[in-house]
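First comes the structure, then the notes that go with it.
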Amino acid sequence: MMLIGMFDSPFVRRVAVSATRLGIAFTHRSWSVGKDAELISAYSPQARVPALVLDDGEVLIESYTMLDYLDDLVGPERALLPATGIERRRALKLVALGMTAVDKGILPVYERIFRPVEKQYAPWVERCQRQAHAAFAELEPHCAALAAGQCLIGPRPMQPDYTLACAATYLTEAAGMDLTRHPALWAHVQRIEALPEVRACYLPFDAPQTT
């Protein structure tokens, strides 16, 4: 299979990290939504990333569908989300909080990159940042409750941990958010970021070129 998109995207990165952790081989096309839009659109007509091209040519869009596909490939014993029940709902809630932080925190990044300075609206940017911090604040007690060496839903890193790390690292680098105000969360992010499968899929943020 082929994963399209740069690893500085938290959406692309969480798919790459998950595939790497699960031992699922993939080729990678580090294409930018700015300068490589035409290449991307040959697989994803909206020129969005990530796009995951399966071996039979089918193309998956949206990172959550790719993560579901990867979990299905390896089966419930190795999957990065619990298969059912309360544990699955709890894990999905934690993942949703991490993605909510990205969904809100990424908007000021777009504002800065794609809109002229005179058209940027500071109150809206501040609101988005507050909403992103609110999501992290809701995750903070979950991280604070972890025993030494534990992860968010058990003894081994799972999708909530990987998604949180990808989200937090992106927002510190691309949006300049100070996540030390959520100390337990930040400490957990740094621990997950040190894992080999996570480091293998890291790229410093590189703002898309608009011309």
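Labeling convention for the structure tokens: chains A, B, ... as they appear, residues from 1 per chain, ligands from 1 in order of appearance.
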
Surrounding residues of Arg191 in chain A excluding itself and chain neighbours under 4 positions, 12 Å, only C-alpha atoms, as a ChimeraX atom specification: /A:143,148-151,157,161-162,164-165,169,184-187,195-196,198-199

Using only C-alpha atoms, which residues sit within 6 Å of range 50-63 of chain A once same-chain residues fewer than 4 positions away are excluded, as number ranges by chain? A: 1-5, 11-12

Any chance you could list, as an MDAnalysis selection string, the residues in chain A that come up strand (DSSP E or B) when DSSP is run on the backbone? chainID A and resid 2:4 27:29 51:53 59:61 151 154

Taking only C-alpha atoms into account, produce a table as a Markdown table in which each residue of range 20-112 of chain A with an atom at most 10 Å from an atom of range 173-180 of chain A appears once, together with its shortest atom pair and the distance in Å to one decimal, ordered by chain and rising number.
```
| residue | atom | partner | partner_atom | distance |
| --- | --- | --- | --- | --- |
| A:Val102 | CA | A:Ala175 | CA | 9.9 |
| A:Gly105 | CA | A:Ala175 | CA | 6.9 |
| A:Ile106 | CA | A:Ala175 | CA | 7.0 |
| A:Leu107 | CA | A:Ala175 | CA | 9.0 |
| A:Pro108 | CA | A:Ala175 | CA | 7.0 |
| A:Val109 | CA | A:Ala175 | CA | 5.7 |
| A:Tyr110 | CA | A:Ala175 | CA | 9.5 |
| A:Arg112 | CA | A:Ala175 | CA | 9.3 |
```

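Minimum atom-to-atom distances from A:Val95, A:Gln46, A:Leu81, A:Val17 to Phe136 in chain A were compared using only C-alpha atoms, and the lowest value belongs to A:Val95.
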
Might you pull out every residue within 9 Å of Cys201 in chain A, with only C-alpha atoms counted and same-chain residues fewer than 3 positions away left off, and present them as a list in words?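 That gives Phe7, Asp8, Arg13, Arg14, Ala16, Val17, Thr20, Pro196, Glu197 and Val198 of chain A.
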
Write the residues of the selection above to a file with N, CA, C and O atoms, as a compact mmCIF listing (two decimals), in the first residue's frame.
```txt
# COMPACT_ATOMS: atom_id res chain seq x y z
N PHE A 7 4.75 13.84 6.76
CA PHE A 7 4.65 13.44 8.16
C PHE A 7 4.51 14.63 9.11
O PHE A 7 4.33 14.43 10.32
N ASP A 8 4.61 15.86 8.61
CA ASP A 8 4.34 16.99 9.51
C ASP A 8 2.85 17.23 9.68
O ASP A 8 2.44 18.05 10.49
N ARG A 13 0.55 11.53 9.90
CA ARG A 13 1.51 10.93 10.82
C ARG A 13 0.89 9.84 11.67
O ARG A 13 1.51 8.80 11.90
N ARG A 14 -0.34 10.04 12.14
CA ARG A 14 -0.91 9.01 13.01
C ARG A 14 -1.19 7.72 12.24
O ARG A 14 -1.13 6.64 12.80
N ALA A 16 0.78 6.73 9.67
CA ALA A 16 2.12 6.16 9.47
C ALA A 16 2.63 5.50 10.75
O ALA A 16 3.20 4.40 10.71
N VAL A 17 2.45 6.17 11.88
CA VAL A 17 2.89 5.61 13.16
C VAL A 17 2.16 4.30 13.44
O VAL A 17 2.78 3.30 13.85
N THR A 20 3.42 1.52 11.16
CA THR A 20 4.76 1.14 11.57
C THR A 20 4.71 0.27 12.83
O THR A 20 5.38 -0.77 12.92
N PRO A 196 10.29 4.39 19.20
CA PRO A 196 10.91 4.30 17.86
C PRO A 196 9.92 4.42 16.72
O PRO A 196 10.24 5.03 15.68
N GLU A 197 8.72 3.85 16.85
CA GLU A 197 7.76 3.93 15.76
C GLU A 197 7.24 5.35 15.56
O GLU A 197 6.83 5.72 14.46
N VAL A 198 7.30 6.15 16.62
CA VAL A 198 6.85 7.54 16.52
C VAL A 198 7.95 8.41 15.95
O VAL A 198 7.72 9.24 15.06
```

Excluding range 84-88 of chain A and any residue of its chain fewer than 6 positions from it, enumerate the residues within 10 Å of it, using only C-alpha atoms, and give them as an MDAnalysis selection string. chainID A and resid 76 94 153:154

Mind dumping the selected residues with N, CA and C atoms as a PDB file, in the first residue's frame?
```pdb
ATOM      1  N   PRO A  76      -8.317  -8.219  16.238  1.00  0.00           N
ATOM      2  CA  PRO A  76      -8.591  -7.547  17.508  1.00  0.00           C
ATOM      3  C   PRO A  76      -7.508  -7.691  18.562  1.00  0.00           C
ATOM      4  N   LEU A  94     -11.134   9.512  23.935  1.00  0.00           N
ATOM      5  CA  LEU A  94      -9.798  10.097  24.079  1.00  0.00           C
ATOM      6  C   LEU A  94      -9.211  10.476  22.724  1.00  0.00           C
ATOM      7  N   ILE A 153      -4.948   3.723  27.799  1.00  0.00           N
ATOM      8  CA  ILE A 153      -5.953   2.681  27.992  1.00  0.00           C
ATOM      9  C   ILE A 153      -5.310   1.324  28.275  1.00  0.00           C
ATOM     10  N   GLY A 154      -4.160   1.344  28.935  1.00  0.00           N
ATOM     11  CA  GLY A 154      -3.552   0.080  29.296  1.00  0.00           C
ATOM     12  C   GLY A 154      -2.049   0.159  29.364  1.00  0.00           C
TER      13      GLY A 154
END
```

Val125 in chain A: which residues within 8 Å, counting only C-alpha atoms, same-chain residues fewer than 3 positions away excluded, as a ChimeraX atom specification? /A:107-108,111,121-122,128-129

Selected residues written out, C-alpha atoms, as a CSV table (one decimal), in the first residue's frame:
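Saved result, result_38.csv, follows:
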```
chain,number,residue,atom,x,y,z
A,107,LEU,CA,-7.4,26.8,11.9
A,108,PRO,CA,-5.2,29.6,13.1
A,111,GLU,CA,-5.3,31.7,8.9
A,121,TYR,CA,-9.2,38.2,12.8
A,122,ALA,CA,-7.5,37.9,16.2
A,128,CYS,CA,-9.8,28.5,18.3
A,129,GLN,CA,-6.8,28.3,20.5
```

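The space between CA of Ile192 in chain A and CA of Ala145 in chain A spans 16.1 Å.
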
Tell me which protein, DNA and RNA residues are within 12 Å of Met6 in chain A, counting only C-alpha atoms, leaving out same-chain ones fewer than 5 positions away, and put them as a VMD selection string. chain A and resid 11 to 16 28 to 36 40 48 to 51 201 to 208

Export of the given selection (N, CA and C atoms) as a JSON list (two decimals), in the first residue's frame:
```
[["chain", "number", "residue", "atom", "x", "y", "z"],
["A", 11, "PHE", "N", -2.55, 14.17, 10.77],
["A", 11, "PHE", "CA", -3.46, 13.17, 10.20],
["A", 11, "PHE", "C", -2.67, 12.09, 9.47],
["A", 12, "VAL", "N", -1.71, 12.52, 8.65],
["A", 12, "VAL", "CA", -0.85, 11.57, 7.94],
["A", 12, "VAL", "C", 0.01, 10.80, 8.95],
["A", 13, "ARG", "N", 0.55, 11.53, 9.90],
["A", 13, "ARG", "CA", 1.51, 10.93, 10.82],
["A", 13, "ARG", "C", 0.89, 9.84, 11.67],
["A", 14, "ARG", "N", -0.34, 10.04, 12.14],
["A", 14, "ARG", "CA", -0.91, 9.01, 13.01],
["A", 14, "ARG", "C", -1.19, 7.72, 12.24],
["A", 15, "VAL", "N", -1.45, 7.83, 10.94],
["A", 15, "VAL", "CA", -1.60, 6.63, 10.12],
["A", 15, "VAL", "C", -0.25, 5.95, 9.96],
["A", 16, "ALA", "N", 0.78, 6.73, 9.67],
["A", 16, "ALA", "CA", 2.12, 6.16, 9.47],
["A", 16, "ALA", "C", 2.63, 5.50, 10.75],
["A", 28, "HIS", "N", 5.86, 5.38, 0.94],
["A", 28, "HIS", "CA", 5.46, 6.72, 1.37],
["A", 28, "HIS", "C", 5.77, 7.73, 0.28],
["A", 29, "ARG", "N", 4.77, 8.54, -0.03],
["A", 29, "ARG", "CA", 4.96, 9.66, -0.95],
["A", 29, "ARG", "C", 4.82, 10.94, -0.13],
["A", 30, "SER", "N", 5.94, 11.58, 0.13],
["A", 30, "SER", "CA", 5.95, 12.79, 0.96],
["A", 30, "SER", "C", 5.59, 14.00, 0.10],
["A", 31, "TRP", "N", 4.33, 14.05, -0.29],
["A", 31, "TRP", "CA", 3.85, 15.10, -1.18],
["A", 31, "TRP", "C", 3.13, 16.17, -0.38],
["A", 32, "SER", "N", 3.38, 17.41, -0.75],
["A", 32, "SER", "CA", 2.81, 18.57, -0.07],
["A", 32, "SER", "C", 1.50, 18.98, -0.72],
["A", 33, "VAL", "N", 0.51, 19.35, 0.10],
["A", 33, "VAL", "CA", -0.77, 19.83, -0.44],
["A", 33, "VAL", "C", -0.60, 21.17, -1.14],
["A", 34, "GLY", "N", 0.54, 21.83, -0.90],
["A", 34, "GLY", "CA", 0.80, 23.07, -1.61],
["A", 34, "GLY", "C", 1.39, 22.82, -2.98],
["A", 35, "LYS", "N", 2.62, 22.38, -3.04],
["A", 35, "LYS", "CA", 3.31, 22.28, -4.33],
["A", 35, "LYS", "C", 3.02, 20.99, -5.10],
["A", 36, "ASP", "N", 2.46, 19.99, -4.42],
["A", 36, "ASP", "CA", 2.23, 18.70, -5.09],
["A", 36, "ASP", "C", 0.75, 18.38, -5.24],
["A", 40, "ILE", "N", -1.20, 14.68, -5.92],
["A", 40, "ILE", "CA", -2.13, 14.12, -4.94],
["A", 40, "ILE", "C", -3.50, 13.91, -5.55],
["A", 48, "ARG", "N", -6.52, 16.19, -0.97],
["A", 48, "ARG", "CA", -6.38, 16.17, 0.48],
["A", 48, "ARG", "C", -5.47, 15.02, 0.89],
["A", 49, "VAL", "N", -4.82, 15.21, 2.03],
["A", 49, "VAL", "CA", -4.03, 14.13, 2.63],
["A", 49, "VAL", "C", -4.53, 13.92, 4.06],
["A", 50, "PRO", "N", -4.33, 12.68, 4.56],
["A", 50, "PRO", "CA", -3.71, 11.55, 3.89],
["A", 50, "PRO", "C", -4.62, 10.89, 2.87],
["A", 51, "ALA", "N", -3.99, 10.17, 1.96],
["A", 51, "ALA", "CA", -4.68, 9.23, 1.09],
["A", 51, "ALA", "C", -3.90, 7.93, 1.19],
["A", 201, "CYS", "N", 8.51, 8.38, 12.17],
["A", 201, "CYS", "CA", 7.53, 9.06, 11.32],
["A", 201, "CYS", "C", 7.43, 10.54, 11.67],
["A", 202, "TYR", "N", 8.54, 11.14, 12.04],
["A", 202, "TYR", "CA", 8.55, 12.56, 12.42],
["A", 202, "TYR", "C", 9.15, 13.40, 11.31],
["A", 203, "LEU", "N", 8.50, 14.54, 11.07],
["A", 203, "LEU", "CA", 9.05, 15.56, 10.17],
["A", 203, "LEU", "C", 8.73, 16.91, 10.78],
["A", 204, "PRO", "N", 9.72, 17.79, 10.97],
["A", 204, "PRO", "CA", 9.42, 19.11, 11.50],
["A", 204, "PRO", "C", 8.40, 19.83, 10.60],
["A", 205, "PHE", "N", 7.58, 20.66, 11.21],
["A", 205, "PHE", "CA", 6.55, 21.35, 10.45],
["A", 205, "PHE", "C", 7.17, 22.22, 9.35],
["A", 206, "ASP", "N", 6.60, 22.07, 8.16],
["A", 206, "ASP", "CA", 7.04, 22.82, 6.98],
["A", 206, "ASP", "C", 5.78, 23.42, 6.35],
["A", 207, "ALA", "N", 5.59, 24.70, 6.52],
["A", 207, "ALA", "CA", 4.36, 25.34, 6.05],
["A", 207, "ALA", "C", 4.20, 25.17, 4.54],
["A", 208, "PRO", "N", 2.99, 24.81, 4.09],
["A", 208, "PRO", "CA", 2.75, 24.67, 2.64],
["A", 208, "PRO", "C", 3.03, 25.97, 1.91]]
```

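For the pair CA of Glu140 in chain A and CA of His182 in chain A, the interatomic distance is 6.0 Å.
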